[in-house]
Structures are given as structure tokens and as C-alpha cells.
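Accompanying notes for the structure given below.
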Amino acid sequence: MFDADRPISKSDQDRLNRAVFAKYLARCLLDHKDAQSLVVGLYGGFGSGKTSLINLILEELEFASTNTLDDEKAIVLNFSPWSYSGQNQLIDSFFRRLSFTLRSAPYFKGSQRIVHLLELYISFFTHKPVPRALRSKLSWRQKWRNRDDAYGWESGRDLTQVKAELNDLLRKQPHKIIVIIDNISRLYDEEIKQMFQIVKSMGDYANTVYLLALDKDQVVSAINRQEGGAGEALLEKIVQLSFDVPAITRQDLENILLDKLKLVMPDVAVEDWDSSNWADVYYSSLRYFFENCRDITRYLNALSFGYARVKDVVNAVDFFALTAIEVFLPEVHAGIRDNKDLFTDLIEGVYQFDQDKLRKDRLRCDEIINRATRLNREVLLRLLGFLFPRVKKIYQPEEVLYYSESQARKKRRASSPDMFDAYFRLSMQVGSISSEEMETILQLASDEEAFMQALTRLNQDLRIEKFLDALDGAALSRIPPENIGHVINALLDNGDLFPEGESSPLRFNTAMRVHRIIHQLLKRFEKAEDRFSILRHAILKASKSLNMIVQEVRALGRELVSDDDVALAQQYHTVSVEQLQVLQTLAVERIQFWARIDRLVEHPQLLPILYAWRDWGTPEDCQRYLQKITLQDIGLLAVLRAVFKEAIDHASQHHARDDSATRSLAVLADFVQPKWLEQHAKAMFEDLSFEKLREHDQLALMIFLDQMKTETSKEIPKTM
């Protein structure tokens with residue numbers, strides 16, 4: 001079931017009891033006996049059902065036509081100017097449609113002469129020639145005199161004469177001409193003005209009735225912008241009779257919604273539907289999302305499209321509710337999706353929240369809720385509290401909340417961490433950071449642990465690079481000095497977990513971006529000792545990152561030996577030479593600690609870390625470490641992957657060798673003699689378990705042995 005936002009077209013589809021009005025209005029249009037024209041207005045706001053009402057009127061006009069003699073049948077033109085909007089042909093299109101409608105009516109006697117005069121009239125307006133097939137037959141005398149009537153002014157008449165003659169013919173013919181114009185409010189201001197110029201210019205034609213459907217407030221505002229405030233007067237002058245189409249009542253709207261929801265319900269298994277929960281969520285909050293029929297259509301389209309694909313893994317009521325948030329409050333929906341811990345982190349039992357934790361969580365939750373633009377805050381909070389009990393606890397901590405994670409998982413509730421992601425499978429990760437969310441994250445920097453958690457969430461949501469981009473600028477000035485240490489600690493301690501980022505002449509990788517942020521923050525401290533103290537503390541405290549520390553210390557070193565044309569005085573350096581040496585020593589101590597606990601060999605950025613150990617520490621210690629770990633298969637593969645990374649990437653992508661392998665062999669020699677590793681690598685390559693290794697490990701062994709020109713029992717592929 002997919003609704004293309006179509007208005008109803010038949011009276012048996014009418015759920016608003018408007019068919020009776022449409023029937024009598026249609027009959028009144030047909031029965032209008034005054035030879036003068038009549039302009040009727042249908043005024044209604046967006047989504048009030050004007051087009052549906054017109055369709056019901058057209059249905060009645062069609063029915064009346066089947067019971068009317070040909071000599072009395074009405075000629076009906078249903079014109080939607082929106083179809084021609086923006087094409088600079090609105091006036092021409094209207095008259096072309098009117099001319100065609102008159103010519104196409106088989107029972108319209110005398111149409112040839114009327115159409116000819118109408119075409120002359122059109123020519124005065126559009127400055128276009130009358131189509132050759134519709135021009136009048138010329139006598140031989142007119143042809144001899146080179147006379148033609150391709151344009152209105154060439155006919156020997158002026159506009160007034162053409163109009164008077166056309167009006168006289170229309171008055172004598174028995175057919176009512178009914179012109180219905182819909183969607184006027186959707187036009188541009190200039191086109192709305194043009195549309196009323198058309199009606200005004202033809203508004204006094206005999207036996208002609210106009211029915212105009214529009215949003216009065218929008219049309220008046222558009223004409224006011226064009227005419228300097230004359231919109232109301234112009235509308236009253238043109239429209240002689242008007243009817244207000246009332247806004248659809250909430251009760252009628254809900255009846256339509258619930259009727260249409262029945263089309264989705266066959267996809268819902270009986271055991272998956274909790275009527276009590278549905279009543280709670282619908283009557284307390286969900287019903288307030290819908291303001292008109294188009295809202296219902298948008299919601300039903302999204303619901304029917306998405307539910308069928310996830311019905312086996314989600315709770316039906318929760319999905320129905322979250323879909324409404326996705327359709328009408330997409331910014332809130334994105335906030336829920338991007339903050340899984342805020343909405344799902346509950347444990348089984350009765351919850352006692354720390355007051356400080358509650359304050360921080362409420363700050364985050366407020367930012368997301370405040371994104372809502374069309375729904376009352378309390379209504380949204382009720383809905384979120386139903387979907388996610390943790391939200392209820394944040395805002396009503398005094399209430400005792402009983403919640404079973406096992407039951408939530410069993411019922412596939414959105415509040416279960418295991419089920420949560422299934423609800424967002426059709427939600428694209430936009431990755432943006434709103435200014436409000438940025439401000440909330442910066443406020444969390446007063447608490448180092450809370451700020452670290454925020455960075456972790458951003459990284460999990462694949463938005464950390466967007467955050468760093470936003471932070472590297474004016475946002476830094478909003479971080480108070482007392483919070484700078486917290487920010488630097490979090491960046492250095494989490495940096496290795498972030499995506500590496502692109503490094504090119506025009507882009508900074510993540511390490512350089514973090515350095516820029518740290519550098520700008522430290523510049524706000526005048527004393528080098530203060531800057532050094534912050535960095536020293538951050539390195540000592542870091543437990544999750546190593547390469548980010550190495551890259552930061554290297555960047556500080558480059559600052560001291562810069563060959564810029566204008567060298568900075570020593571007092572403007574971030575740290576002094578002596579302080580840099582202390583930081584290098586601390587970095588080496590961290591590297592050695594990782595080596596002792598066997599974490600270093602697992603690091604994906606092993607090579608730059610080894611260079612830092614060799615350059616800032618004792619080279620022999622680094623060499624002994626490598627000799628030790630390469631005795632083991634896992635250590636040998638880690639070292640070869642790190643050294644031959646460029647060659648491996650090239651081989652896996654292009655299935656060919658390149659020059660980087662030769663350069664990499666020289667790099668390996670900076671740390672350990674390649675011959676020391678050769679026999680071990682050969683044995684692994686020739687072993688039957690080689691085929692079970694990951695592709696990059698296989699390539700590492702083959703590239704190394706190929707560079708060493710090692711003779712092996714198996715042939716090394718030439719296109720590796």
C-alpha cells in the first residue's frame with residue numbers, strides 16, 4: 001500500500017460529509033441563469049481538502065451531463081495552473097486549453113466562429129499568431145489585398161470589438177461554460193497575479209462561470225507583494241461568491257488515519273500487537289502529530305514502506321511511533337539514532353541515577369527535544385518516555401521505575417540495546433553536527449569523563465571527523481580555560497580510535513587536525529610552563545592511544561626546528577626544547593609500557609611508534625623488542641604489515657607490484673636485519689596453514705620474500 005498523496009475522486013470515498021455540499025454547489029453552477037458571468041471562490045488552507053471537493057463537484061457535473069440533452073450540456077474546463085508554473089506560458093496555456101475544450105465539445109454549435117474570435121482575443125494577450133488551422137477563410141479579394149488575420153490586430157478589429165462580438169455569440173448559445181481553476185496558491189507571486197488578470201479579463205463573458213480554489217491568505221499576501229497592499233480589494237472585486245472550506249476536524253482526521261492504518265495492519269502479526277500500549281501511545285501523544293490529510297499520507301507511505309522489511313525484528317507499536325517522529329521531527333529522530341546510550345542504557349531492576357549524571361543526561365536530552373518545531377514539548381516527552389523508559393527517569397527521577405531488559409528484548413522494544421539499531425535501518429546517517437548539539441557537547445567538557453564519552457559516541461556514529469571540523473575554529477573560543485585540559489586529555493586519549501582521515505596537500509589527517517586544535521587551545525595560556533603541564537598530564541593519563549601522543553610530540557618538535565622565513569621567538573613556542581625532551585621521554589615510557597603488556601604489537605600504526613622509540617629512546621631497546629616479537633608468527637606478521645603497508649595496499653588494489661616495496665625493505669633495515677626474519681617468513685609461506693592467513697598477511701610474506709629474492713618451494717605470484 002503506497003499512497004501518492006492523491007485527493008479523493010469519488011463520493012463513495014468521502015469521509016468528511018462533503019459530498020452533499022459538492023452536489024448542490026455543482027447544481028447551482030449549472031442552474032445559474034444570469035447571462036453575466038459568475039466567479040465563485042473556494043477558500044481553504046493547506047490540506048483542507050479543496051482538490052477533493054473539486055473532484056466531487058466534477059463528479060456531479062459529469063453525472064448531470066449524462067442526464068442532459070446535448071443542447072443543454074455544460075462545457076467544463078478543469079485547469080490546474082500549477083502544471084504550467086515556472087514555464088512562462090501560464091496565460092498562453094490557459095487560453096489554449098479553453099480553445100481546445102470548446103473545439104472538442106461535439107454538441108457546441110457555432111463553435112468555429114466563437115473559437116476564431118477567442119483565438120483573436122488570445123493573440124492580443126499573448127502576442128502570438130492564431131494557429132493557421134484556426135484562422136478564418138479569406139476571400140480572393142482579401143488575399144489579393146494581402147490581408148491576413150494571423151494576429152488579432154490584423155483582423156481589422158481592436159480588442160474591445162473582438163470581445164464584444166465574442167460575448168454576443170456566447171450569450172446566444174445555450175451551453176454553460178464552467179471553468180474550474182485549482183492550485184492557485186501554489187503558484188509564484190507573479191503567476192498568481194497573472195491568473196487573476198485572466199479571470200478579470202474574461203470575468204464578464206456571458207454564460208461563463210468560474211470556480212476558483214485557493215488559500216485566501218496566501219493569495220492576498222502574494223498580490224500584496226505585487227501590488228503594494230491591494231490583495232484583499234482585488235479578490236473581493238473579482239470573486240462574487242465565496243465559500244470557506246473548513247479545516248478538517250481532529251475527530252475526522254483521526255477517523256481517516258485509523259481507517260488507513262487498517263491497510264497496514266495485515267502485516268502485523270496478532271501476537272506482535274499490544275492494544276493497550278497502542279492506546280497509551282496514540283491517545284497521549286501520537287494523535288497530535290497529524291494536522292491535515294497530507295500528514296496522514298506522508299506517515300502512511302513511510303510506515304507501509306518500512307515496516308514490511310523489519311516487522312520480524314521490531315515491536316510494531318514502537319515502530320509506528322518512531323516512524324511518526326522520523327517523518328515529522330527528523331532532527332529529533334536523528335538525535336535519538338545518534339545517542340543510543342542516552343535512550344537505551346538501563347539495567348534490570350530499580351534504577352538509582354547519580355544526580356550529576358542526571359544533570360548531564362538531561363542537558364543532552366534537552367538539546368534533542370528542543371529540535372522539535374511542530375510538536376508541544378510535553379507531548380514529545382510523553383512519547384519518548386513511553387518508548388524509552390530511561391528518558392522518563394531523566395525527567396522524573398523521583399518515580400520508581402521498574403524495567404526488565406530481558407522483557408524489552410523479548411518484546412523487541414526500541415529501548416533494548418540489542419533491538420535499537422533495527423529501528424534505524426532505513427535512516428541515513430547524515431553525520432552533521434548542529435550548532436545546538438555542538439554547544440551541548442562543549443558544555444560537557446566541564447566533566448572530563450562525560451566529554452570522553454561524548455567523543456566515543458561521535459566516533460561510533462561516524463561523526464567524529466565532522467565534530468573535529470566544527471571544533472577547529474570559532475568553537476574553541478567557547479571552551480573556558482578551566483576545561484581546556486579536559487578537552488586535550490580526551491583528544492589524546494581517544495585519538496587512536498578515530499578514523500585516520502585523508503592526508504593530502506589540501507586536507508589534514510586526523511592527527512594533524514587534533515594537533516591544530518590542541519595548539520590553538522594551548523595558545524590561550526601565556527606561560528610555556530602551563531602549556532607543558534597540560535601536555536605532560538595528558539600523556540601520563542592516556543591509556544587508550546599511543547600514536548596520537550607520538551604524532552603530537554613530533555608536531556611540537558617540528559615547531560622548534562621550523563625553517564619558515566619568519567621564525568618565532570622562543571617565548572612563542574608551545575614548549576621549550578627542554579620541555580620537549582621531557583615529553584619525548586614520557587612518550588617512550590608509554591611505548592615501553594605497551595610493549596611490556598604485549599599491546600604494542602597489535603597497534604595498527606606500529607611503524608611511526610617504532611620510529612619514535614628509536615629516535616627518542618634507546619635504539620638497542622627497540623631492536624631487542626623487535627627481535628623478540630618476530631620470533632612469533634603474530635609478531636613477524638605485524639612488523640611486515642607495518643613496514644610494507646604501502647606495497648600491500650597497492651598489490652591488493654591493483655594486483656601488481658610497485659617501487660614502494662624496495663623502499664620498505666630499507667625501512668625494515670632501520671630496525672632489524674632482514675636476514676634475521678627470512679627463514680621464519682619462508683617457513684610460514686611454505687606451510688600448509690599459509691592459505692588460512694588473511695590476505696594482507698599473505699601479501700606481507702610474499703612481498704618480503706620477493707624483495708629478499710628468497711628461493712622457496714612455492715612460486716610467488718608475479719601479480720601479487
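Following the order of the C-alpha cells, first chain is A, next is B, and so on, with residues numbered from 1 inside each chain and ligands from 1 in the order they appear.
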Write out as a ChimeraX atom specification the residues lying within 12 Å of Asp421 (chain A), counting only C-alpha atoms and excluding same-chain residues fewer than 2 positions away.
-> /A:310,313-314,319,336-341,343-344,412-419,423-427,461
List the spatial neighbours of Leu342 (chain A) as a compact mmCIF listing (two decimals) with C-alpha atoms, in the first residue's frame - criterion: any atom at most 9 Å away, only C-alpha atoms, same-chain residues fewer than 5 positions off excluded.
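The file below, selection_26.txt, is the result:
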# COMPACT_ATOMS: atom_id res chain seq x y z
CA ILE A 336 17.74 9.51 19.03
CA ASP A 361 21.92 13.42 30.51
CA ARG A 364 21.86 16.19 26.20
CA CYS A 365 18.21 15.18 26.07
CA ARG A 390 15.40 5.96 30.54
CA VAL A 391 14.11 9.33 29.29
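Each of A:Thr126, A:Gln460, A:Gln407, A:Asn376 was checked against Ser285 (chain A) using only C-alpha atoms; the smallest atom-to-atom distance is that of A:Asn376.
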Shell around Asp447 (chain A) at 9 Å using only C-alpha atoms, local window under 4 positions removed, as number ranges by chain = A: 443, 451-452, 483, 486
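Remark: for Ala213 (chain A), the closest of the candidate residues A:Cys28, A:Leu58, A:Leu53, A:Leu159 is A:Leu53 (distances computed over only C-alpha atoms).
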Backbone-only DSSP, alpha helix (DSSP H) members of region 512-616 of chain A, as number ranges by chain | A: 512-522, 528-541, 547-560, 577-596, 606-616
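Shortest separation to Tyr188 (chain A) among A:Gln251, A:Gln707, A:Ser275, A:Ser221 occurs at residue A:Ser221, atoms counted being only C-alpha atoms.
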